[in-house]
file start_39.pdb (PDB, C-alpha atoms)
ATOM      1  CA  MET A   1      64.650 108.271  35.184
ATOM      2  CA  ARG A   2      68.207 108.133  33.839
ATOM      3  CA  SER A   3      67.553 104.747  32.232
ATOM      4  CA  SER A   4      64.442 106.119  30.514
ATOM      5  CA  ILE A   5      66.421 109.062  29.136
ATOM      6  CA  LEU A   6      69.163 106.692  27.948
ATOM      7  CA  ILE A   7      66.635 104.489  26.168
ATOM      8  CA  GLY A   8      65.149 107.591  24.566
ATOM      9  CA  ILE A   9      68.549 108.716  23.308
ATOM     10  CA  ILE A  10      69.295 105.265  21.890
ATOM     11  CA  LEU A  11      65.937 105.225  20.096
ATOM     12  CA  VAL A  12      66.665 108.625  18.579
ATOM     13  CA  VAL A  13      70.064 107.447  17.346
ATOM     14  CA  ILE A  14      68.384 104.462  15.675
ATOM     15  CA  VAL A  15      65.780 106.706  14.054
ATOM     16  CA  ILE A  16      68.414 109.095  12.727
ATOM     17  CA  PHE A  17      70.534 106.190  11.468
ATOM     18  CA  SER A  18      67.521 104.823   9.615
ATOM     19  CA  ILE A  19      66.781 108.241   8.140
ATOM     20  CA  LEU A  20      70.338 108.686   6.917
ATOM     21  CA  ILE A  21      70.310 105.407   4.998
ATOM     22  CA  TYR A  22      66.821 106.011   3.604
ATOM     23  CA  THR A  23      67.970 107.609   0.362
ATOM     24  CA  GLN A  24      70.305 104.740  -0.478
ATOM     25  CA  TYR A  25      67.652 102.197   0.395
ATOM     26  CA  TYR A  26      64.832 103.935  -1.457
ATOM     27  CA  SER A  27      66.838 104.352  -4.657
ATOM     28  CA  ASN A  28      67.847 100.677  -4.684
ATOM     29  CA  ARG A  29      64.485  99.238  -3.635
ATOM     30  CA  THR A  30      62.685  97.265  -6.348
ATOM     31  CA  SER A  31      60.014  95.558  -4.247
ATOM     32  CA  THR A  32      58.326  95.966  -0.883
ATOM     33  CA  SER A  33      57.796  92.204  -0.522
ATOM     34  CA  PRO A  34      59.677  90.448   2.293
ATOM     35  CA  LYS A  35      62.560  88.309   1.082
ATOM     36  CA  ILE A  36      63.627  85.074   2.735
ATOM     37  CA  SER A  37      66.948  83.250   2.474
ATOM     38  CA  GLN A  38      65.408  79.774   2.556
ATOM     39  CA  PRO A  39      61.878  78.403   2.999
ATOM     40  CA  ILE A  40      60.738  78.034   6.593
ATOM     41  CA  VAL A  41      60.543  74.298   7.210
ATOM     42  CA  THR A  42      59.348  72.706  10.452
ATOM     43  CA  THR A  43      58.628  69.122  11.453
ATOM     44  CA  SER A  44      57.355  67.430  14.578
ATOM     45  CA  GLU A  45      60.988  67.210  15.681
ATOM     46  CA  LYS A  46      61.807  70.794  14.763
ATOM     47  CA  SER A  47      59.268  73.306  16.006
ATOM     48  CA  LEU A  48      59.080  76.870  14.753
ATOM     49  CA  ARG A  49      61.567  79.190  16.447
ATOM     50  CA  ILE A  50      61.442  82.868  15.460
ATOM     51  CA  VAL A  51      63.641  85.812  16.339
ATOM     52  CA  SER A  52      62.251  89.280  15.590
ATOM     53  CA  LEU A  53      64.579  92.284  15.548
ATOM     54  CA  ALA A  54      62.195  95.211  14.978
ATOM     55  CA  PRO A  55      59.024  96.358  16.777
ATOM     56  CA  SER A  56      57.175  96.741  13.477
ATOM     57  CA  ASP A  57      57.788  93.067  12.680
ATOM     58  CA  THR A  58      57.143  91.829  16.207
ATOM     59  CA  GLN A  59      53.621  93.249  16.353
ATOM     60  CA  ILE A  60      52.833  91.647  12.985
ATOM     61  CA  LEU A  61      54.133  88.234  14.042
ATOM     62  CA  ILE A  62      52.139  88.335  17.269
ATOM     63  CA  SER A  63      48.941  89.330  15.457
ATOM     64  CA  LEU A  64      49.480  86.371  13.127
ATOM     65  CA  GLY A  65      49.367  84.123  16.214
ATOM     66  CA  LEU A  66      53.111  83.458  16.173
ATOM     67  CA  GLY A  67      53.978  85.103  19.479
ATOM     68  CA  LYS A  68      54.337  81.724  21.179
ATOM     69  CA  ASN A  69      57.056  80.853  18.657
ATOM     70  CA  ILE A  70      59.205  83.919  19.311
ATOM     71  CA  VAL A  71      62.360  82.833  21.145
ATOM     72  CA  GLY A  72      64.181  86.140  20.815
ATOM     73  CA  LEU A  73      63.374  89.787  20.169
ATOM     74  CA  ASP A  74      64.888  93.256  20.494
ATOM     75  CA  GLU A  75      64.427  95.365  23.624
ATOM     76  CA  TYR A  76      62.232  97.928  21.838
ATOM     77  CA  SER A  77      59.797  95.209  20.810
ATOM     78  CA  PHE A  78      59.705  94.072  24.424
ATOM     79  CA  GLU A  79      59.228  97.661  25.580
ATOM     80  CA  LEU A  80      56.265  98.068  23.206
ATOM     81  CA  LEU A  81      54.637  94.917  24.601
ATOM     82  CA  HIS A  82      55.303  96.219  28.105
ATOM     83  CA  TYR A  83      53.561  99.507  27.252
ATOM     84  CA  LEU A  84      50.566  97.507  26.016
ATOM     85  CA  ASN A  85      50.651  95.176  29.059
ATOM     86  CA  GLU A  86      50.870  92.257  26.633
ATOM     87  CA  THR A  87      54.202  90.586  27.401
ATOM     88  CA  SER A  88      52.159  87.442  28.113
ATOM     89  CA  LEU A  89      51.810  87.034  24.333
ATOM     90  CA  ILE A  90      55.420  85.811  24.127
ATOM     91  CA  PRO A  91      57.200  83.057  26.118
ATOM     92  CA  SER A  92      58.306  84.071  29.613
ATOM     93  CA  ASN A  93      61.845  82.837  28.882
ATOM     94  CA  VAL A  94      62.222  84.825  25.643
ATOM     95  CA  THR A  95      65.703  86.246  25.023
ATOM     96  CA  VAL A  96      65.719  90.047  24.804
ATOM     97  CA  PHE A  97      68.558  91.559  22.764
ATOM     98  CA  GLN A  98      69.721  94.959  23.994
ATOM     99  CA  THR A  99      70.757  96.207  20.567
ATOM    100  CA  ILE A 100      69.102  96.086  17.163
ATOM    101  CA  SER A 101      72.000  97.349  15.087
ATOM    102  CA  PRO A 102      74.491  95.785  14.930
ATOM    103  CA  PRO A 103      72.756  92.504  15.678
ATOM    104  CA  ASN A 104      74.266  90.052  18.152
ATOM    105  CA  ILE A 105      74.989  87.319  15.620
ATOM    106  CA  SER A 106      76.569  84.909  18.089
ATOM    107  CA  GLY A 107      73.620  85.356  20.420
ATOM    108  CA  LEU A 108      71.205  84.705  17.579
ATOM    109  CA  LEU A 109      72.987  81.478  16.658
ATOM    110  CA  LEU A 110      72.684  80.196  20.230
ATOM    111  CA  LEU A 111      68.891  80.334  19.933
ATOM    112  CA  HIS A 112      68.887  77.975  16.899
ATOM    113  CA  PRO A 113      66.093  79.892  15.130
ATOM    114  CA  ASN A 114      64.322  78.620  12.019
ATOM    115  CA  VAL A 115      64.120  82.218  10.861
ATOM    116  CA  VAL A 116      65.332  85.643  11.969
ATOM    117  CA  VAL A 117      63.025  88.469  10.899
ATOM    118  CA  VAL A 118      65.097  91.580  10.193
ATOM    119  CA  GLU A 119      64.170  95.083   9.084
ATOM    120  CA  TYR A 120      66.226  96.217   6.094
ATOM    121  CA  GLY A 121      66.308  99.816   7.245
ATOM    122  CA  LEU A 122      67.974  98.866  10.521
ATOM    123  CA  ASP A 123      70.252  95.988   9.567
ATOM    124  CA  SER A 124      70.978  96.270   5.851
ATOM    125  CA  HIS A 125      74.727  96.549   6.403
ATOM    126  CA  TYR A 126      74.799  93.373   8.520
ATOM    127  CA  ILE A 127      72.599  91.114   6.402
ATOM    128  CA  PRO A 128      75.547  89.554   4.475
ATOM    129  CA  ASP A 129      77.312  88.706   7.750
ATOM    130  CA  MET A 130      74.140  87.195   9.194
ATOM    131  CA  GLU A 131      73.583  85.037   6.119
ATOM    132  CA  LYS A 132      77.247  84.041   6.067
ATOM    133  CA  ALA A 133      76.853  82.848   9.656
ATOM    134  CA  GLY A 134      74.126  80.486   8.472
ATOM    135  CA  LEU A 135      71.087  82.378   9.770
ATOM    136  CA  ASN A 136      67.913  82.031   7.729
ATOM    137  CA  LEU A 137      66.606  85.574   7.282
ATOM    138  CA  LEU A 138      63.193  86.966   6.474
ATOM    139  CA  ILE A 139      64.060  90.489   5.337
ATOM    140  CA  THR A 140      61.237  92.994   5.644
ATOM    141  CA  ASN A 141      61.003  96.694   4.837
ATOM    142  CA  ASN A 142      57.901  97.966   6.594
ATOM    143  CA  ASP A 143      59.836 100.957   7.896
ATOM    144  CA  PHE A 144      59.874 102.340   4.358
ATOM    145  CA  ALA A 145      56.299 101.566   3.364
ATOM    146  CA  LEU A 146      54.638 104.402   1.492
ATOM    147  CA  SER A 147      51.165 103.999   2.982
ATOM    148  CA  LEU A 148      48.924 101.963   5.252
ATOM    149  CA  VAL A 149      47.857  99.965   2.222
ATOM    150  CA  GLN A 150      51.451  99.000   1.582
ATOM    151  CA  ILE A 151      51.876  98.045   5.252
ATOM    152  CA  GLU A 152      48.890  95.725   4.828
ATOM    153  CA  GLU A 153      50.426  94.231   1.690
ATOM    154  CA  ASN A 154      53.620  93.537   3.625
ATOM    155  CA  ILE A 155      51.619  91.867   6.399
ATOM    156  CA  LEU A 156      49.987  89.572   3.847
ATOM    157  CA  ASN A 157      53.382  88.732   2.373
ATOM    158  CA  ILE A 158      54.811  87.909   5.801
ATOM    159  CA  ALA A 159      51.743  85.778   6.539
ATOM    160  CA  GLN A 160      52.343  83.866   3.310
ATOM    161  CA  GLN A 161      55.920  83.075   4.323
ATOM    162  CA  PHE A 162      54.595  81.406   7.488
ATOM    163  CA  ASN A 163      51.688  79.675   5.717
ATOM    164  CA  GLU A 164      49.197  81.868   7.575
ATOM    165  CA  VAL A 165      47.506  83.511   4.586
ATOM    166  CA  GLN A 166      43.975  83.428   5.999
ATOM    167  CA  VAL A 167      45.153  84.788   9.337
ATOM    168  CA  GLY A 168      46.944  87.578   7.482
ATOM    169  CA  LYS A 169      43.681  88.534   5.788
ATOM    170  CA  GLU A 170      41.950  88.658   9.180
ATOM    171  CA  VAL A 171      44.658  90.978  10.500
ATOM    172  CA  VAL A 172      44.247  93.290   7.510
ATOM    173  CA  ASN A 173      40.466  93.261   7.885
ATOM    174  CA  TRP A 174      40.896  94.260  11.524
ATOM    175  CA  MET A 175      43.157  97.140  10.502
ATOM    176  CA  ASN A 176      40.654  98.335   7.898
ATOM    177  CA  SER A 177      37.880  98.297  10.492
ATOM    178  CA  HIS A 178      39.943 100.673  12.648
ATOM    179  CA  MET A 179      40.916 103.058   9.835
ATOM    180  CA  ILE A 180      39.775 106.672   9.749
ATOM    181  CA  ASN A 181      39.628 108.955   6.721
ATOM    182  CA  TYR A 182      39.093 112.696   7.134
ATOM    183  CA  THR A 183      39.394 115.417   4.520
ATOM    184  CA  PRO A 184      42.769 117.180   4.944
ATOM    185  CA  SER A 185      42.207 120.725   6.215
ATOM    186  CA  VAL A 186      45.025 121.561   8.667
ATOM    187  CA  ASN A 187      48.604 122.410   7.670
ATOM    188  CA  VAL A 188      50.871 120.381   9.927
ATOM    189  CA  ALA A 189      54.597 119.733  10.357
ATOM    190  CA  TYR A 190      55.703 116.453  11.914
ATOM    191  CA  LEU A 191      59.222 116.632  13.360
ATOM    192  CA  ASP A 192      61.035 113.377  14.112
ATOM    193  CA  TRP A 193      64.019 115.107  15.709
ATOM    194  CA  ILE A 194      65.020 118.724  16.299
ATOM    195  CA  CYS A 195      68.736 119.537  16.214
ATOM    196  CA  PRO A 196      70.381 122.116  18.538
ATOM    197  CA  ASN A 197      70.665 124.570  15.607
ATOM    198  CA  GLY A 198      66.954 124.375  14.769
ATOM    199  CA  GLU A 199      67.290 122.021  11.814
ATOM    200  CA  ALA A 200      64.842 119.140  12.018
ATOM    201  CA  TYR A 201      64.165 115.775  10.436
ATOM    202  CA  THR A 202      60.634 115.642   9.094
ATOM    203  CA  VAL A 203      58.546 113.408   6.816
ATOM    204  CA  GLY A 204      58.104 113.760   3.084
ATOM    205  CA  GLY A 205      55.087 112.904   0.994
ATOM    206  CA  ASN A 206      56.175 109.383   0.061
ATOM    207  CA  VAL A 207      56.376 107.754   3.501
ATOM    208  CA  PHE A 208      53.669 106.089   5.566
ATOM    209  CA  ILE A 209      53.588 108.782   8.286
ATOM    210  CA  ASN A 210      52.473 111.241   5.621
ATOM    211  CA  ASN A 211      49.616 108.862   4.801
ATOM    212  CA  LEU A 212      48.648 108.767   8.497
ATOM    213  CA  LEU A 213      48.630 112.578   8.571
ATOM    214  CA  VAL A 214      46.398 112.798   5.511
ATOM    215  CA  LEU A 215      43.934 110.198   6.839
ATOM    216  CA  ALA A 216      43.798 112.150  10.105
ATOM    217  CA  GLY A 217      42.812 115.348   8.277
ATOM    218  CA  GLY A 218      46.208 117.006   7.951
ATOM    219  CA  ASN A 219      48.087 118.636   5.069
ATOM    220  CA  ASN A 220      51.752 117.753   5.452
ATOM    221  CA  VAL A 221      53.620 121.021   4.802
ATOM    222  CA  PHE A 222      56.596 119.002   3.572
ATOM    223  CA  ALA A 223      54.631 116.670   1.300
ATOM    224  CA  ASN A 224      56.698 117.854  -1.678
ATOM    225  CA  GLU A 225      59.837 116.482  -0.038
ATOM    226  CA  SER A 226      60.995 112.871  -0.337
ATOM    227  CA  GLY A 227      61.792 110.430   2.428
ATOM    228  CA  TYR A 228      62.807 111.867   5.808
ATOM    229  CA  PRO A 229      64.552 115.132   4.882
ATOM    230  CA  LEU A 230      66.557 117.417   7.135
ATOM    231  CA  VAL A 231      65.035 120.902   6.853
ATOM    232  CA  THR A 232      66.300 124.232   8.160
ATOM    233  CA  ALA A 233      64.527 126.374  10.732
ATOM    234  CA  SER A 234      63.982 129.050   8.083
ATOM    235  CA  LYS A 235      62.229 126.532   5.851
ATOM    236  CA  ILE A 236      59.864 125.644   8.674
ATOM    237  CA  LEU A 237      59.112 129.347   9.101
ATOM    238  CA  VAL A 238      58.393 129.690   5.377
ATOM    239  CA  VAL A 239      55.880 126.809   5.247
ATOM    240  CA  ASN A 240      54.311 128.201   8.457
ATOM    241  CA  PRO A 241      52.463 125.152   9.836
ATOM    242  CA  GLN A 242      49.236 125.661  11.759
ATOM    243  CA  VAL A 243      50.149 122.678  13.946
ATOM    244  CA  ILE A 244      53.558 121.316  14.955
ATOM    245  CA  ILE A 245      53.846 117.730  16.189
ATOM    246  CA  ALA A 246      57.303 116.906  17.498
ATOM    247  CA  GLN A 247      58.906 113.928  19.139
ATOM    248  CA  THR A 248      60.385 114.855  22.495
ATOM    249  CA  VAL A 249      64.117 115.575  22.392
ATOM    250  CA  TYR A 250      65.520 114.355  25.737
ATOM    251  CA  ASN A 251      62.684 115.975  27.694
ATOM    252  CA  TYR A 252      59.635 118.227  27.361
ATOM    253  CA  THR A 253      61.264 121.437  28.595
ATOM    254  CA  TYR A 254      64.270 121.266  26.269
ATOM    255  CA  THR A 255      62.096 120.479  23.247
ATOM    256  CA  ILE A 256      59.768 123.408  23.936
ATOM    257  CA  GLN A 257      62.776 125.687  24.301
ATOM    258  CA  LEU A 258      64.039 124.636  20.865
ATOM    259  CA  ILE A 259      60.640 125.182  19.270
ATOM    260  CA  GLU A 260      60.144 128.607  20.845
ATOM    261  CA  GLU A 261      63.677 129.671  19.929
ATOM    262  CA  TYR A 262      63.580 128.677  16.279
ATOM    263  CA  TYR A 263      59.905 128.430  15.234
ATOM    264  CA  ASN A 264      58.399 131.209  17.330
ATOM    265  CA  ASP A 265      57.064 133.051  14.261
ATOM    266  CA  THR A 266      54.911 130.152  13.057
ATOM    267  CA  SER A 267      51.132 130.086  13.395
ATOM    268  CA  ALA A 268      51.473 126.885  15.421
ATOM    269  CA  VAL A 269      53.448 128.614  18.173
ATOM    270  CA  HIS A 270      51.382 131.812  18.056
ATOM    271  CA  ASP A 271      48.123 129.868  18.397
ATOM    272  CA  GLY A 272      49.378 127.420  21.015
ATOM    273  CA  LYS A 273      49.122 124.402  18.717
ATOM    274  CA  VAL A 274      52.408 122.673  19.455
ATOM    275  CA  TYR A 275      52.171 119.038  20.564
ATOM    276  CA  LEU A 276      55.001 116.886  21.897
ATOM    277  CA  ILE A 277      54.850 113.094  21.891
ATOM    278  CA  SER A 278      56.822 110.382  23.668
ATOM    279  CA  GLY A 279      56.683 106.699  24.596
ATOM    280  CA  LEU A 280      53.798 104.714  23.149
ATOM    281  CA  ALA A 281      52.593 107.751  21.191
ATOM    282  CA  VAL A 282      55.850 107.669  19.210
ATOM    283  CA  ASP A 283      55.579 103.905  18.681
ATOM    284  CA  LEU A 284      52.097 104.266  17.156
ATOM    285  CA  LEU A 285      53.454 106.728  14.599
ATOM    286  CA  ASP A 286      56.991 105.487  13.960
ATOM    287  CA  GLU A 287      56.445 101.717  13.921
ATOM    288  CA  PRO A 288      54.585 100.729  10.736
ATOM    289  CA  GLY A 289      52.531  97.670  11.577
ATOM    290  CA  VAL A 290      49.220  96.396  12.860
ATOM    291  CA  LEU A 291      48.858  99.261  15.345
ATOM    292  CA  SER A 292      49.298 101.982  12.712
ATOM    293  CA  PRO A 293      45.556 102.806  12.462
ATOM    294  CA  TYR A 294      45.747 103.957  16.093
ATOM    295  CA  GLY A 295      48.458 106.378  14.990
ATOM    296  CA  SER A 296      46.057 108.074  12.618
ATOM    297  CA  VAL A 297      43.434 108.300  15.365
ATOM    298  CA  LEU A 298      46.036 109.916  17.636
ATOM    299  CA  LEU A 299      46.935 112.447  14.939
ATOM    300  CA  HIS A 300      43.272 113.305  14.398
ATOM    301  CA  ASP A 301      42.804 113.917  18.132
ATOM    302  CA  ILE A 302      45.773 116.286  17.976
ATOM    303  CA  LEU A 303      44.521 118.157  14.910
ATOM    304  CA  ILE A 304      41.088 118.788  16.398
ATOM    305  CA  GLY A 305      42.547 119.876  19.741
ATOM    306  CA  LYS A 306      41.280 116.867  21.670
ATOM    307  CA  ALA A 307      44.729 115.759  22.857
ATOM    308  CA  PRO A 308      46.899 117.532  25.461
ATOM    309  CA  HIS A 309      50.030 119.396  24.438
ATOM    310  CA  TYR A 310      52.213 116.637  25.879
ATOM    311  CA  ILE A 311      51.139 113.132  24.881
ATOM    312  CA  ASN A 312      52.877 110.291  26.670
ATOM    313  CA  THR A 313      52.288 106.583  27.204
ATOM    314  CA  THR A 314      49.865 107.135  30.068
ATOM    315  CA  TRP A 315      47.593 109.406  28.030
ATOM    316  CA  VAL A 316      47.546 106.952  25.123
ATOM    317  CA  GLU A 317      46.713 104.040  27.432
ATOM    318  CA  GLU A 318      43.886 105.945  29.108
ATOM    319  CA  ASN A 319      42.326 107.485  25.998
ATOM    320  CA  LEU A 320      42.967 105.378  22.895
ATOM    321  CA  ASN A 321      42.337 101.874  24.273
ATOM    322  CA  VAL A 322      45.205 100.472  22.200
ATOM    323  CA  SER A 323      45.380  96.693  21.987
ATOM    324  CA  LEU A 324      47.263  94.317  19.734
ATOM    325  CA  PRO A 325      44.867  91.896  18.017
ATOM    326  CA  VAL A 326      45.839  88.228  17.961
ATOM    327  CA  PHE A 327      44.270  85.823  15.469
TER     328      PHE A 327
END
call {"tool": "encode", "arguments": {"input": "start_39.pdb", "output": "structure tokens"}}
result
Amino acid sequence: MRSSILIGIILVVIVIFSILIYTQYYSNRTSTSPKISQPIVTTSEKSLRIVSLAPSDTQILISLGLGKNIVGLDEYSFELLHYLNETSLIPSNVTVFQTISPPNISGLLLLHPNVVVVEYGLDSHYIPDMEKAGLNLLITNNDFALSLVQIEENILNIAQQFNEVQVGKEVVNWMNSHMINYTPSVNVAYLDWICPNGEAYTVGGNVFINNLLVLAGGNNVFANESGYPLVTASKILVVNPQVIIAQTVYNYTYTIQLIEEYYNDTSAVHDGKVYLISGLAVDLLDEPGVLSPYGSVLLHDILIGKAPHYINTTWVEENLNVSLPVF
């Protein structure tokens, strides 16, 4: 139990760190296409060896049929595969790195990878050091995609880097076949993290989670904001969401206490439409990749009252039939 709480806290720290650097990243970003230091070259003597340092990238690589080539990955990628009961998609002797940021550069070098796939939002400050160490990087930015369409474009670009263009198209076709699209009709607030003083990190109108909300039939009450803004409790009261979806802060009881203390005058609380998510439910919404269409399905189930008020990994496994496609 303590280890689960510790992992949860670490994940939250990573999320907040990513949010804090969003503004700098978004203002400097000129393209969503992955960038690679050097072409990926393999021969019969030098097989493909990949290290993936973000769950969003790992699920894409595996769907492209490259799971067998992954020699190293971060612990959150491994945890996601464990949730899905699909650790068999990667080698049994894969190296699991316990931290994403900062990356273990010396450990990466020991694996002699052809390419290390890194997420800009998590490791932007360490990219120069990684390149200086001689690591060949494929730099992605799925975490800051604006929509599912842009996630699909990034998947196609990653597929091109590995000469798997046709496979990339099959992955995107699979995603499109699992997409939903409902007319927005419910005012909803999605809270990534609630602070002890009632302030909360939420999602603006120009990030992919907003797109998931809209496809699910929700009106994001903070759609006029940009990025992942920190909003005050009073602002949440003013926008008065009909539904509140919040990631669990430490545990269910503490999170409910925060919501009832600071947002008690919202329609969501009055009408009993507060939903807390954890585990795999968070991964489906926070990790922009092949599994993202399931995130929209989850949100729709919440908005129509089909989901319970606490949605954890077990509920997702039993009700959404989530599986990672491999082509």
call {"tool": "resolve_selection", "arguments": {"input": "start_39.pdb", "expression": "the PyMOL selection byres ((chain A and resi 127-143) around 8)", "output": "JSON, numbers by chain"}}
result
{"A": [32, 33, 34, 35, 36, 37, 38, 56, 57, 105, 109, 113, 114, 115, 116, 117, 118, 119, 120, 121, 123, 124, 125, 126, 144, 145, 151, 154, 287, 288, 289]}
call {"tool": "residues_around", "arguments": {"input": "start_39.pdb", "residues": "Val188 (chain A)", "least_positions_apart": "6", "cutoff": "9 Å", "atoms": "all atoms listed in the file", "output": "list in words"}}
result
Leu213, Gly218, Asn219, Asn220, Val221, Phe222, Asn240, Pro241, Gln242, Val243, Ile244, Ile245, Ala268 and Leu303 of chain A
call {"tool": "atom_distance", "arguments": {"input": "start_39.pdb", "atom1": "CA of Ile304 (chain A)", "atom2": "CA of Asp192 (chain A)"}}
result
20.8 Å
call {"tool": "atom_distance", "arguments": {"input": "start_39.pdb", "atom1": "CA of Ser267 (chain A)", "atom2": "CA of Leu237 (chain A)"}}
result
9.1 Å
call {"tool": "atom_distance", "arguments": {"input": "start_39.pdb", "atom1": "CA of Asn173 (chain A)", "atom2": "CA of Pro325 (chain A)"}}
result
11.1 Å
call {"tool": "closest_residue", "arguments": {"input": "start_39.pdb", "among": "A:Leu73, A:Ala189, A:Val274, A:Leu111", "to": "Asn210 (chain A)", "atoms": "all atoms listed in the file"}}
result
A:Ala189
call {"tool": "residues_near_point", "arguments": {"input": "start_39.pdb", "point": "(57.7, 119.7, 5.4)", "cutoff": "9 Å", "atoms": "only C-alpha atoms", "output": "tab-separated table (two decimals) with C-alpha atoms, in the coordinates of the input"}}
result
chain	number	residue	atom	x	y	z
A	188	VAL	CA	50.87	120.38	9.93
A	189	ALA	CA	54.60	119.73	10.36
A	190	TYR	CA	55.70	116.45	11.91
A	191	LEU	CA	59.22	116.63	13.36
A	202	THR	CA	60.63	115.64	9.09
A	203	VAL	CA	58.55	113.41	6.82
A	204	GLY	CA	58.10	113.76	3.08
A	205	GLY	CA	55.09	112.90	0.99
A	220	ASN	CA	51.75	117.75	5.45
A	221	VAL	CA	53.62	121.02	4.80
A	222	PHE	CA	56.60	119.00	3.57
A	223	ALA	CA	54.63	116.67	1.30
A	224	ASN	CA	56.70	117.85	-1.68
A	225	GLU	CA	59.84	116.48	-0.04
A	229	PRO	CA	64.55	115.13	4.88
A	231	VAL	CA	65.04	120.90	6.85
A	235	LYS	CA	62.23	126.53	5.85
A	236	ILE	CA	59.86	125.64	8.67
A	239	VAL	CA	55.88	126.81	5.25
A	241	PRO	CA	52.46	125.15	9.84
call {"tool": "residues_near_point", "arguments": {"input": "start_39.pdb", "point": "(60.9, 82.0, 29.4)", "cutoff": "12 Å", "atoms": "only C-alpha atoms", "output": "count of residues only"}}
result
15
call {"tool": "residues_around", "arguments": {"input": "start_39.pdb", "residues": "Ile311 (chain A)", "least_positions_apart": "3", "cutoff": "10 Å", "atoms": "only C-alpha atoms", "output": "PDB file with C-alpha atoms, in the frame of the given file"}}
result
ATOM      1  CA  GLN A 247      58.906 113.928  19.139  1.00  0.00           C
ATOM      2  CA  THR A 248      60.385 114.855  22.495  1.00  0.00           C
ATOM      3  CA  TYR A 275      52.171 119.038  20.564  1.00  0.00           C
ATOM      4  CA  LEU A 276      55.001 116.886  21.897  1.00  0.00           C
ATOM      5  CA  ILE A 277      54.850 113.094  21.891  1.00  0.00           C
ATOM      6  CA  SER A 278      56.822 110.382  23.668  1.00  0.00           C
ATOM      7  CA  GLY A 279      56.683 106.699  24.596  1.00  0.00           C
ATOM      8  CA  LEU A 280      53.798 104.714  23.149  1.00  0.00           C
ATOM      9  CA  ALA A 281      52.593 107.751  21.191  1.00  0.00           C
ATOM     10  CA  VAL A 282      55.850 107.669  19.210  1.00  0.00           C
ATOM     11  CA  LEU A 298      46.036 109.916  17.636  1.00  0.00           C
ATOM     12  CA  ILE A 302      45.773 116.286  17.976  1.00  0.00           C
ATOM     13  CA  ALA A 307      44.729 115.759  22.857  1.00  0.00           C
ATOM     14  CA  PRO A 308      46.899 117.532  25.461  1.00  0.00           C
ATOM     15  CA  THR A 314      49.865 107.135  30.068  1.00  0.00           C
ATOM     16  CA  TRP A 315      47.593 109.406  28.030  1.00  0.00           C
ATOM     17  CA  VAL A 316      47.546 106.952  25.123  1.00  0.00           C
TER      18      VAL A 316
END
call {"tool": "closest_residue", "arguments": {"input": "start_39.pdb", "among": "A:Asp286, A:Asp265, A:Gly217, A:Ile194", "to": "Asn251 (chain A)", "atoms": "all atoms listed in the file"}}
result
A:Ile194
call {"tool": "closest_residue", "arguments": {"input": "start_39.pdb", "among": "A:Ile209, A:Thr253, A:Leu66, A:Val290", "to": "Trp174 (chain A)", "atoms": "only C-alpha atoms"}}
result
A:Val290
call {"tool": "resolve_selection", "arguments": {"input": "start_39.pdb", "expression": "the PyMOL selection byres ((chain A and resi 155) around 8)", "output": "list in words"}}
result
Ile60, Ile151, Glu152, Glu153, Asn154, Leu156, Asn157, Ile158, Ala159, Gly168, Val172 and Gly289 of chain A
call {"tool": "write_last_selection", "arguments": {"input": "start_39.pdb", "atoms": "C-alpha atoms", "output": "compact mmCIF listing (two decimals), in the frame of the given file"}}
result
# COMPACT_ATOMS: atom_id res chain seq x y z
CA ILE A 60 52.83 91.65 12.98
CA ILE A 151 51.88 98.04 5.25
CA GLU A 152 48.89 95.72 4.83
CA GLU A 153 50.43 94.23 1.69
CA ASN A 154 53.62 93.54 3.62
CA LEU A 156 49.99 89.57 3.85
CA ASN A 157 53.38 88.73 2.37
CA ILE A 158 54.81 87.91 5.80
CA ALA A 159 51.74 85.78 6.54
CA GLY A 168 46.94 87.58 7.48
CA VAL A 172 44.25 93.29 7.51
CA GLY A 289 52.53 97.67 11.58
call {"tool": "closest_residue", "arguments": {"input": "start_39.pdb", "among": "A:Ile180, A:Thr58, A:Pro103, A:Tyr76", "to": "Gly295 (chain A)", "atoms": "all atoms listed in the file"}}
result
A:Ile180
call {"tool": "resolve_selection", "arguments": {"input": "start_39.pdb", "expression": "the PyMOL selection byres ((chain A and resi 324) around 10)", "output": "list in words"}}
result
Gln59, Ile60, Ile62, Ser63, Leu81, Leu84, Asn85, Glu86, Leu89, Val290, Leu291, Val322, Ser323, Pro325, Val326 and Phe327 of chain A
call {"tool": "closest_residue", "arguments": {"input": "start_39.pdb", "among": "A:Thr255, A:Gln161, A:Asn211, A:Ser52", "to": "Leu146 (chain A)", "atoms": "all atoms listed in the file"}}
result
A:Asn211
call {"tool": "axis_aligned_box", "arguments": {"input": "start_39.pdb", "around": "region 307-319 of chain A", "padding_each_side": "3 Å", "output": "JSON"}}
result
{"center_x": 47.6, "center_y": 111.7, "center_z": 26.5, "size_x": 16.6, "size_y": 21.4, "size_z": 13.2}
call {"tool": "residues_around", "arguments": {"input": "start_39.pdb", "residues": "Leu212 (chain A)", "least_positions_apart": "2", "cutoff": "9 Å", "atoms": "all atoms listed in the file", "output": "mmCIF file with C-alpha atoms, in the coordinates of the input"}}
result
data_model
loop_
_atom_site.group_PDB
_atom_site.id
_atom_site.type_symbol
_atom_site.label_atom_id
_atom_site.label_comp_id
_atom_site.auth_asym_id
_atom_site.auth_seq_id
_atom_site.Cartn_x
_atom_site.Cartn_y
_atom_site.Cartn_z
ATOM 1 C CA SER A 147 51.165 103.999 2.982
ATOM 2 C CA LEU A 148 48.924 101.963 5.252
ATOM 3 C CA PHE A 208 53.669 106.089 5.566
ATOM 4 C CA ILE A 209 53.588 108.782 8.286
ATOM 5 C CA ASN A 210 52.473 111.241 5.621
ATOM 6 C CA VAL A 214 46.398 112.798 5.511
ATOM 7 C CA LEU A 215 43.934 110.198 6.839
ATOM 8 C CA ALA A 216 43.798 112.150 10.105
ATOM 9 C CA GLY A 217 42.812 115.348 8.277
ATOM 10 C CA GLY A 218 46.208 117.006 7.951
ATOM 11 C CA LEU A 285 53.454 106.728 14.599
ATOM 12 C CA SER A 292 49.298 101.982 12.712
ATOM 13 C CA PRO A 293 45.556 102.806 12.462
ATOM 14 C CA GLY A 295 48.458 106.378 14.990
ATOM 15 C CA SER A 296 46.057 108.074 12.618
ATOM 16 C CA VAL A 297 43.434 108.300 15.365
ATOM 17 C CA LEU A 299 46.935 112.447 14.939
#
